[in-house]
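The block underneath contains the structure these notes are about, expressed in structure tokens.
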Amino acid sequence: MAIRRFSEKNLAREVLHRIRGTRNPRLKQVMASFIRHMHDFVREVKPTEEEWFRGIRFLTDTGHWCSGERQEFILMSDTLGVSMLVDAINHRSGGGATESTVLGPFHRRKAPLYPLGASISKHRGDGVPCRVTGTVRDRSGRPVAGAELDVWQAGADGFYDSQKGKAMNLRGIFRTDANGLFHFRCVRPEFYPVPHDGPVGRMLTATGRHPMRPPHLHFWITARGYKPLITHLFVKGGRYLDSDAVFGV
Ligand code: BEZ
Ligand code: FE
């Protein structure tokens, strides 16, 4: 039923009624939920018009910060815990398997393929040398030979190579040996801040938060016949493990 007399109460119902002809059922479900939550939000918060425009200016600004190298909306989703929620819903490990976590903005395709034992660090000043060893196993504990590990990390200065130029450094691809083993050299991961010179940084400051991530190495592990795994390895006892800016621990 279409209504002509809008009220604070019946407006959401009318908007939902207007989208009843949406053909794609998933789109209809997503739009209906979004409309309901948005209307509930506004009814709860009761923004002044000035506050509403400020919110719109914030989102507009967030869009303006996006470029080929910078995705401020993903960063906002990361820092509000939404990326981790989407990740958790889509990669339920059910226990017994290494947990998945956010990809983050610094993965690059076509990192160099290295032999086991090689170092992903090309410059002396990258940080304190570190050796990483491990075994890729399937859910039943059997080693997986030929699994591909795409690894990347920030240097001790807190920056990824892509934040400094085009050259590839501190990233590489390794393949496990016949026993599922891998080993490589890198630099000891240090804590670092997510990009915080834009709207997300302002949001973090305004809400009393820091932009830091605890020391970690990124892994994207693939093997024929298995689902891919995107995960991190954290340094035991590292700073900010309990307050990761993107909730990825
Ligand atoms: C990262 O660990 O590289 C990262 C993840 C999410 C947002 C920013 C950085
Ligand atoms: Fe990282």
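Chain labels follow the order of the structure tokens: the first chain is A, the next B, and so on; residue numbering restarts at 1 in every chain, and ligands are counted from 1 in their shown order.
Pocket residues of ligand 2, taken as those with any atom at most 9 Å away using only C-alpha atoms and all ligand atoms, are Leu103, Gly104, Pro105, Phe106, His107, Trp152, Gln153, Ala154, Tyr160, Phe191, Tyr192, Val194, Arg213, Pro214, Pro215, His216, Leu217, His218 and His232 of chain A.
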Just the selected residues (N, CA and C atoms), exported as a PDB file, in the first residue's frame, please.
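Once written, out.pdb looks like this:
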ATOM      1  N   LEU A 103      43.402  -9.160   4.078  1.00  0.00           N
ATOM      2  CA  LEU A 103      44.468  -9.090   3.075  1.00  0.00           C
ATOM      3  C   LEU A 103      45.290  -7.815   3.262  1.00  0.00           C
ATOM      4  N   GLY A 104      44.612  -6.713   3.549  1.00  0.00           N
ATOM      5  CA  GLY A 104      45.324  -5.435   3.666  1.00  0.00           C
ATOM      6  C   GLY A 104      45.641  -4.871   2.296  1.00  0.00           C
ATOM      7  N   PRO A 105      46.068  -3.615   2.242  1.00  0.00           N
ATOM      8  CA  PRO A 105      46.239  -2.936   0.952  1.00  0.00           C
ATOM      9  C   PRO A 105      47.612  -3.128   0.319  1.00  0.00           C
ATOM     10  N   PHE A 106      48.506  -3.876   0.964  1.00  0.00           N
ATOM     11  CA  PHE A 106      49.882  -3.860   0.475  1.00  0.00           C
ATOM     12  C   PHE A 106      50.326  -5.124  -0.249  1.00  0.00           C
ATOM     13  N   HIS A 107      49.377  -6.037  -0.524  1.00  0.00           N
ATOM     14  CA  HIS A 107      49.761  -7.194  -1.335  1.00  0.00           C
ATOM     15  C   HIS A 107      49.976  -6.725  -2.770  1.00  0.00           C
ATOM     16  N   TRP A 152      54.712 -11.104   2.416  1.00  0.00           N
ATOM     17  CA  TRP A 152      55.097  -9.692   2.318  1.00  0.00           C
ATOM     18  C   TRP A 152      55.113  -9.057   3.697  1.00  0.00           C
ATOM     19  N   GLN A 153      55.923  -8.033   3.828  1.00  0.00           N
ATOM     20  CA  GLN A 153      56.053  -7.392   5.133  1.00  0.00           C
ATOM     21  C   GLN A 153      56.518  -5.946   4.976  1.00  0.00           C
ATOM     22  N   ALA A 154      56.336  -5.184   6.059  1.00  0.00           N
ATOM     23  CA  ALA A 154      56.856  -3.809   6.115  1.00  0.00           C
ATOM     24  C   ALA A 154      58.301  -3.865   6.617  1.00  0.00           C
ATOM     25  N   TYR A 160      55.761  -0.325   3.597  1.00  0.00           N
ATOM     26  CA  TYR A 160      55.858  -1.368   2.571  1.00  0.00           C
ATOM     27  C   TYR A 160      56.529  -0.748   1.351  1.00  0.00           C
ATOM     28  N   PHE A 191      56.095  -3.181  14.767  1.00  0.00           N
ATOM     29  CA  PHE A 191      54.761  -2.571  14.666  1.00  0.00           C
ATOM     30  C   PHE A 191      54.847  -1.337  13.776  1.00  0.00           C
ATOM     31  N   TYR A 192      53.732  -1.000  13.152  1.00  0.00           N
ATOM     32  CA  TYR A 192      53.709   0.180  12.270  1.00  0.00           C
ATOM     33  C   TYR A 192      52.280   0.715  12.198  1.00  0.00           C
ATOM     34  N   VAL A 194      48.811   2.040  10.253  1.00  0.00           N
ATOM     35  CA  VAL A 194      48.109   2.034   8.968  1.00  0.00           C
ATOM     36  C   VAL A 194      48.112   3.492   8.491  1.00  0.00           C
ATOM     37  N   ARG A 213      49.413  -1.340  14.033  1.00  0.00           N
ATOM     38  CA  ARG A 213      49.233  -2.783  13.860  1.00  0.00           C
ATOM     39  C   ARG A 213      50.397  -3.482  14.553  1.00  0.00           C
ATOM     40  N   PRO A 214      50.134  -4.611  15.215  1.00  0.00           N
ATOM     41  CA  PRO A 214      51.226  -5.334  15.872  1.00  0.00           C
ATOM     42  C   PRO A 214      52.177  -5.944  14.826  1.00  0.00           C
ATOM     43  N   PRO A 215      53.411  -6.255  15.228  1.00  0.00           N
ATOM     44  CA  PRO A 215      54.381  -6.812  14.266  1.00  0.00           C
ATOM     45  C   PRO A 215      53.853  -8.100  13.618  1.00  0.00           C
ATOM     46  N   HIS A 216      53.922  -8.168  12.278  1.00  0.00           N
ATOM     47  CA  HIS A 216      53.388  -9.354  11.588  1.00  0.00           C
ATOM     48  C   HIS A 216      54.015  -9.547  10.218  1.00  0.00           C
ATOM     49  N   LEU A 217      53.877 -10.785   9.750  1.00  0.00           N
ATOM     50  CA  LEU A 217      54.240 -11.137   8.369  1.00  0.00           C
ATOM     51  C   LEU A 217      52.954 -11.558   7.684  1.00  0.00           C
ATOM     52  N   HIS A 218      52.769 -11.164   6.425  1.00  0.00           N
ATOM     53  CA  HIS A 218      51.581 -11.575   5.677  1.00  0.00           C
ATOM     54  C   HIS A 218      51.871 -12.846   4.865  1.00  0.00           C
ATOM     55  N   HIS A 232      48.133 -13.989   8.750  1.00  0.00           N
ATOM     56  CA  HIS A 232      49.332 -13.302   9.239  1.00  0.00           C
ATOM     57  C   HIS A 232      50.008 -14.220  10.259  1.00  0.00           C
TER      58      HIS A 232
END
Residues flagged strand (DSSP E or B) by DSSP in region 191-238 of chain A, as a PDB file with N, CA and C atoms, in the first residue's frame:
ATOM      1  N   TYR A 192      53.732  -1.000  13.152  1.00  0.00           N
ATOM      2  CA  TYR A 192      53.709   0.180  12.270  1.00  0.00           C
ATOM      3  C   TYR A 192      52.280   0.715  12.198  1.00  0.00           C
ATOM      4  N   PRO A 193      52.115   1.957  11.770  1.00  0.00           N
ATOM      5  CA  PRO A 193      50.756   2.501  11.682  1.00  0.00           C
ATOM      6  C   PRO A 193      50.124   2.252  10.312  1.00  0.00           C
ATOM      7  N   MET A 212      47.995   1.836  15.104  1.00  0.00           N
ATOM      8  CA  MET A 212      49.051   0.820  15.028  1.00  0.00           C
ATOM      9  C   MET A 212      48.569  -0.609  14.770  1.00  0.00           C
ATOM     10  N   ARG A 213      49.413  -1.340  14.033  1.00  0.00           N
ATOM     11  CA  ARG A 213      49.233  -2.783  13.860  1.00  0.00           C
ATOM     12  C   ARG A 213      50.397  -3.482  14.553  1.00  0.00           C
ATOM     13  N   HIS A 216      53.922  -8.168  12.278  1.00  0.00           N
ATOM     14  CA  HIS A 216      53.388  -9.354  11.588  1.00  0.00           C
ATOM     15  C   HIS A 216      54.015  -9.547  10.218  1.00  0.00           C
ATOM     16  N   LEU A 217      53.877 -10.785   9.750  1.00  0.00           N
ATOM     17  CA  LEU A 217      54.240 -11.137   8.369  1.00  0.00           C
ATOM     18  C   LEU A 217      52.954 -11.558   7.684  1.00  0.00           C
ATOM     19  N   HIS A 218      52.769 -11.164   6.425  1.00  0.00           N
ATOM     20  CA  HIS A 218      51.581 -11.575   5.677  1.00  0.00           C
ATOM     21  C   HIS A 218      51.871 -12.846   4.865  1.00  0.00           C
ATOM     22  N   PHE A 219      50.860 -13.719   4.806  1.00  0.00           N
ATOM     23  CA  PHE A 219      50.953 -14.943   3.989  1.00  0.00           C
ATOM     24  C   PHE A 219      49.694 -15.109   3.150  1.00  0.00           C
ATOM     25  N   TRP A 220      49.872 -15.464   1.906  1.00  0.00           N
ATOM     26  CA  TRP A 220      48.747 -15.891   1.053  1.00  0.00           C
ATOM     27  C   TRP A 220      49.182 -17.253   0.530  1.00  0.00           C
ATOM     28  N   ILE A 221      48.566 -18.285   1.057  1.00  0.00           N
ATOM     29  CA  ILE A 221      49.020 -19.647   0.769  1.00  0.00           C
ATOM     30  C   ILE A 221      48.024 -20.356  -0.140  1.00  0.00           C
ATOM     31  N   THR A 222      48.538 -20.908  -1.235  1.00  0.00           N
ATOM     32  CA  THR A 222      47.677 -21.634  -2.163  1.00  0.00           C
ATOM     33  C   THR A 222      48.286 -23.014  -2.439  1.00  0.00           C
ATOM     34  N   LEU A 229      44.499 -19.625   1.629  1.00  0.00           N
ATOM     35  CA  LEU A 229      44.466 -19.072   2.992  1.00  0.00           C
ATOM     36  C   LEU A 229      45.233 -17.756   3.023  1.00  0.00           C
ATOM     37  N   ILE A 230      44.546 -16.700   3.434  1.00  0.00           N
ATOM     38  CA  ILE A 230      45.217 -15.415   3.642  1.00  0.00           C
ATOM     39  C   ILE A 230      45.315 -15.219   5.140  1.00  0.00           C
ATOM     40  N   THR A 231      46.549 -15.106   5.633  1.00  0.00           N
ATOM     41  CA  THR A 231      46.709 -15.016   7.083  1.00  0.00           C
ATOM     42  C   THR A 231      47.935 -14.189   7.450  1.00  0.00           C
ATOM     43  N   HIS A 232      48.133 -13.989   8.750  1.00  0.00           N
ATOM     44  CA  HIS A 232      49.332 -13.302   9.239  1.00  0.00           C
ATOM     45  C   HIS A 232      50.008 -14.220  10.259  1.00  0.00           C
ATOM     46  N   LEU A 233      51.302 -14.003  10.423  1.00  0.00           N
ATOM     47  CA  LEU A 233      52.037 -14.611  11.520  1.00  0.00           C
ATOM     48  C   LEU A 233      52.459 -13.446  12.408  1.00  0.00           C
ATOM     49  N   PHE A 234      52.037 -13.476  13.671  1.00  0.00           N
ATOM     50  CA  PHE A 234      52.350 -12.369  14.581  1.00  0.00           C
ATOM     51  C   PHE A 234      53.541 -12.715  15.459  1.00  0.00           C
TER      52      PHE A 234
END
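In this comparison, which uses only C-alpha atoms, the residue of A:Lys236, A:Lys9, A:Lys110, A:His17 approaching Asp150 (chain A) most closely is A:Lys110.
When CA of Met203 (chain A) is paired with CA of Leu80 (chain A), their separation reads 10.0 Å.
In this comparison, which uses only C-alpha atoms, the residue of A:Ala12, A:Thr135, A:Leu170, A:Gly155 approaching Ala118 (chain A) most closely is A:Leu170.
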Checklist entry - Quick one: residues within 8 Å of Arg185 (chain A), only C-alpha atoms counted, chain neighbours fewer than 5 positions away excluded, as a VMD selection string? => result chain A and resid 117 to 121 129 to 132
Write the residues of the selection above to a file with N, CA and C atoms, as a compact mmCIF listing (two decimals), in the first residue's frame.
# COMPACT_ATOMS: atom_id res chain seq x y z
N GLY A 117 65.01 -20.64 1.37
CA GLY A 117 66.23 -20.16 2.03
C GLY A 117 66.63 -18.76 1.61
N ALA A 118 66.07 -18.26 0.51
CA ALA A 118 66.44 -16.92 0.03
C ALA A 118 65.88 -15.85 0.96
N SER A 119 66.42 -14.64 0.80
CA SER A 119 65.93 -13.52 1.61
C SER A 119 65.03 -12.62 0.77
N ILE A 120 63.94 -12.16 1.37
CA ILE A 120 63.06 -11.22 0.66
C ILE A 120 63.53 -9.78 0.89
N SER A 121 64.54 -9.62 1.74
CA SER A 121 65.07 -8.27 2.02
C SER A 121 66.26 -7.99 1.12
N PRO A 129 67.85 -8.86 10.57
CA PRO A 129 67.62 -10.11 9.84
C PRO A 129 66.88 -11.15 10.69
N CYS A 130 66.08 -11.93 10.01
CA CYS A 130 65.20 -12.87 10.71
C CYS A 130 65.00 -14.09 9.81
N ARG A 131 64.92 -15.29 10.41
CA ARG A 131 64.70 -16.50 9.61
C ARG A 131 63.34 -17.09 9.98
N VAL A 132 62.59 -17.47 8.97
CA VAL A 132 61.25 -18.03 9.20
C VAL A 132 61.22 -19.47 8.67
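Taking CA of Leu116 (chain A) and CA of Arg188 (chain A) as endpoints, the distance between them is 17.9 Å.
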Checklist outcome for this item: Using only C-alpha atoms, the shortest atom-to-atom distance to Gln71 (chain A) among A:Val200, A:Arg224, A:Gly95, A:Thr205 belongs to A:Val200
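CA of Val249 (chain A) lies 17.3 Å from CA of Met76 (chain A).
Every protein, DNA or RNA residue with an atom at most 9 Å from Phe247 (chain A), where only C-alpha atoms count and chain neighbours fewer than 6 positions away do not, is listed here: A:Asp78, A:Thr79, A:Leu80, A:Gly81, A:Ser83, A:Met84, A:Val102, A:Arg213.
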Kindly save the residues from that selection, with all heavy atoms included, as a PDB file, in the first residue's frame.
ATOM      1  N   ASP A  78      38.228  -1.572   7.418  1.00  0.00           N
ATOM      2  CA  ASP A  78      39.211  -2.289   8.250  1.00  0.00           C
ATOM      3  C   ASP A  78      39.198  -1.764   9.684  1.00  0.00           C
ATOM      4  O   ASP A  78      39.148  -2.535  10.647  1.00  0.00           O
ATOM      5  CB  ASP A  78      40.640  -2.084   7.716  1.00  0.00           C
ATOM      6  CG  ASP A  78      40.882  -2.725   6.356  1.00  0.00           C
ATOM      7  OD1 ASP A  78      40.090  -3.591   5.952  1.00  0.00           O
ATOM      8  OD2 ASP A  78      41.871  -2.336   5.694  1.00  0.00           O
ATOM      9  N   THR A  79      39.249  -0.445   9.818  1.00  0.00           N
ATOM     10  CA  THR A  79      39.407   0.150  11.149  1.00  0.00           C
ATOM     11  C   THR A  79      38.099   0.151  11.951  1.00  0.00           C
ATOM     12  O   THR A  79      38.107   0.422  13.143  1.00  0.00           O
ATOM     13  CB  THR A  79      39.962   1.590  11.050  1.00  0.00           C
ATOM     14  OG1 THR A  79      39.173   2.314  10.108  1.00  0.00           O
ATOM     15  CG2 THR A  79      41.415   1.599  10.607  1.00  0.00           C
ATOM     16  N   LEU A  80      36.979  -0.149  11.275  1.00  0.00           N
ATOM     17  CA  LEU A  80      35.716  -0.280  12.004  1.00  0.00           C
ATOM     18  C   LEU A  80      35.384  -1.759  12.269  1.00  0.00           C
ATOM     19  O   LEU A  80      34.290  -2.095  12.720  1.00  0.00           O
ATOM     20  CB  LEU A  80      34.578   0.400  11.235  1.00  0.00           C
ATOM     21  CG  LEU A  80      34.678   1.938  11.204  1.00  0.00           C
ATOM     22  CD1 LEU A  80      33.595   2.535  10.320  1.00  0.00           C
ATOM     23  CD2 LEU A  80      34.593   2.529  12.603  1.00  0.00           C
ATOM     24  N   GLY A  81      36.341  -2.633  11.922  1.00  0.00           N
ATOM     25  CA  GLY A  81      36.154  -4.058  12.198  1.00  0.00           C
ATOM     26  C   GLY A  81      35.261  -4.774  11.199  1.00  0.00           C
ATOM     27  O   GLY A  81      34.974  -5.963  11.355  1.00  0.00           O
ATOM     28  N   SER A  83      35.808  -5.292   7.850  1.00  0.00           N
ATOM     29  CA  SER A  83      36.552  -6.209   6.967  1.00  0.00           C
ATOM     30  C   SER A  83      36.785  -7.542   7.655  1.00  0.00           C
ATOM     31  O   SER A  83      36.626  -8.606   7.057  1.00  0.00           O
ATOM     32  CB  SER A  83      37.916  -5.610   6.585  1.00  0.00           C
ATOM     33  OG  SER A  83      37.756  -4.363   5.970  1.00  0.00           O
ATOM     34  N   MET A  84      37.141  -7.500   8.962  1.00  0.00           N
ATOM     35  CA  MET A  84      37.372  -8.747   9.688  1.00  0.00           C
ATOM     36  C   MET A  84      36.082  -9.539   9.843  1.00  0.00           C
ATOM     37  O   MET A  84      36.096 -10.759   9.825  1.00  0.00           O
ATOM     38  CB  MET A  84      37.962  -8.460  11.067  1.00  0.00           C
ATOM     39  CG  MET A  84      39.470  -8.614  11.160  1.00  0.00           C
ATOM     40  SD  MET A  84      40.207  -9.998  10.278  1.00  0.00           S
ATOM     41  CE  MET A  84      39.765 -11.392  11.266  1.00  0.00           C
ATOM     42  N   VAL A 102      42.596 -10.352   7.410  1.00  0.00           N
ATOM     43  CA  VAL A 102      42.473  -9.388   6.300  1.00  0.00           C
ATOM     44  C   VAL A 102      43.677  -9.405   5.351  1.00  0.00           C
ATOM     45  O   VAL A 102      44.808  -9.595   5.775  1.00  0.00           O
ATOM     46  CB  VAL A 102      42.287  -7.946   6.809  1.00  0.00           C
ATOM     47  CG1 VAL A 102      40.877  -7.712   7.279  1.00  0.00           C
ATOM     48  CG2 VAL A 102      43.296  -7.603   7.897  1.00  0.00           C
ATOM     49  N   ARG A 213      49.413  -1.340  14.033  1.00  0.00           N
ATOM     50  CA  ARG A 213      49.233  -2.783  13.860  1.00  0.00           C
ATOM     51  C   ARG A 213      50.397  -3.482  14.553  1.00  0.00           C
ATOM     52  O   ARG A 213      51.537  -3.020  14.484  1.00  0.00           O
ATOM     53  CB  ARG A 213      49.265  -3.153  12.365  1.00  0.00           C
ATOM     54  CG  ARG A 213      48.118  -2.591  11.551  1.00  0.00           C
ATOM     55  CD  ARG A 213      47.627  -3.635  10.563  1.00  0.00           C
ATOM     56  NE  ARG A 213      47.102  -4.784  11.275  1.00  0.00           N
ATOM     57  CZ  ARG A 213      47.044  -6.006  10.777  1.00  0.00           C
ATOM     58  NH1 ARG A 213      47.487  -6.243   9.555  1.00  0.00           N
ATOM     59  NH2 ARG A 213      46.540  -7.008  11.482  1.00  0.00           N
TER      60      ARG A 213
END
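Contact shell of Arg5 (chain A) at 12 Å (only C-alpha atoms; same-chain neighbours under 5 positions omitted): Asn10, Leu11 and Glu14 of chain A.
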Residues from last step as file, all heavy atoms, as a PDB file, in the first residue's frame:
ATOM      1  N   ASN A  10       6.349   5.967   9.495  1.00  0.00           N
ATOM      2  CA  ASN A  10       6.000   5.111   8.354  1.00  0.00           C
ATOM      3  C   ASN A  10       6.897   5.306   7.132  1.00  0.00           C
ATOM      4  O   ASN A  10       6.755   4.608   6.135  1.00  0.00           O
ATOM      5  CB  ASN A  10       4.526   5.284   7.973  1.00  0.00           C
ATOM      6  CG  ASN A  10       4.251   6.649   7.330  1.00  0.00           C
ATOM      7  OD1 ASN A  10       5.173   7.357   6.936  1.00  0.00           O
ATOM      8  ND2 ASN A  10       2.987   7.008   7.219  1.00  0.00           N
ATOM      9  N   LEU A  11       7.848   6.231   7.197  1.00  0.00           N
ATOM     10  CA  LEU A  11       8.675   6.520   6.023  1.00  0.00           C
ATOM     11  C   LEU A  11       9.495   5.305   5.578  1.00  0.00           C
ATOM     12  O   LEU A  11       9.553   4.983   4.395  1.00  0.00           O
ATOM     13  CB  LEU A  11       9.579   7.726   6.316  1.00  0.00           C
ATOM     14  CG  LEU A  11      10.425   8.228   5.151  1.00  0.00           C
ATOM     15  CD1 LEU A  11       9.594   8.452   3.902  1.00  0.00           C
ATOM     16  CD2 LEU A  11      11.133   9.525   5.539  1.00  0.00           C
ATOM     17  N   GLU A  14       7.437   2.901   3.695  1.00  0.00           N
ATOM     18  CA  GLU A  14       7.130   3.363   2.344  1.00  0.00           C
ATOM     19  C   GLU A  14       8.323   3.170   1.403  1.00  0.00           C
ATOM     20  O   GLU A  14       8.167   2.733   0.261  1.00  0.00           O
ATOM     21  CB  GLU A  14       6.701   4.843   2.374  1.00  0.00           C
ATOM     22  CG  GLU A  14       6.517   5.494   1.017  1.00  0.00           C
ATOM     23  CD  GLU A  14       5.414   4.853   0.160  1.00  0.00           C
ATOM     24  OE1 GLU A  14       4.633   4.037   0.699  1.00  0.00           O
ATOM     25  OE2 GLU A  14       5.371   5.162  -1.044  1.00  0.00           O
TER      26      GLU A  14
END
Next on the checklist: Please identify the alpha helix (DSSP H) residues within region 32-208 of chain A (assignment by DSSP from backbone atoms) and present them as a PyMOL selection string.
Outcome noted: chain A and resi 32-45+49-64+72-79+82-90+199-206
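Taking only C-alpha atoms and all ligand atoms into account, ligand 1 lies nearest to A:Gly158 out of the set A:Gly180, A:Gly158, A:Gly125, A:Pro115.
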Next on the checklist: Show me, as a PyMOL selection string, the residues that have an atom within 12 Å of Ala32 (chain A) when counting only C-alpha atoms, minus same-chain residues fewer than 4 positions from it.
Outcome noted: chain A and resi 12-22+25-28+36-39
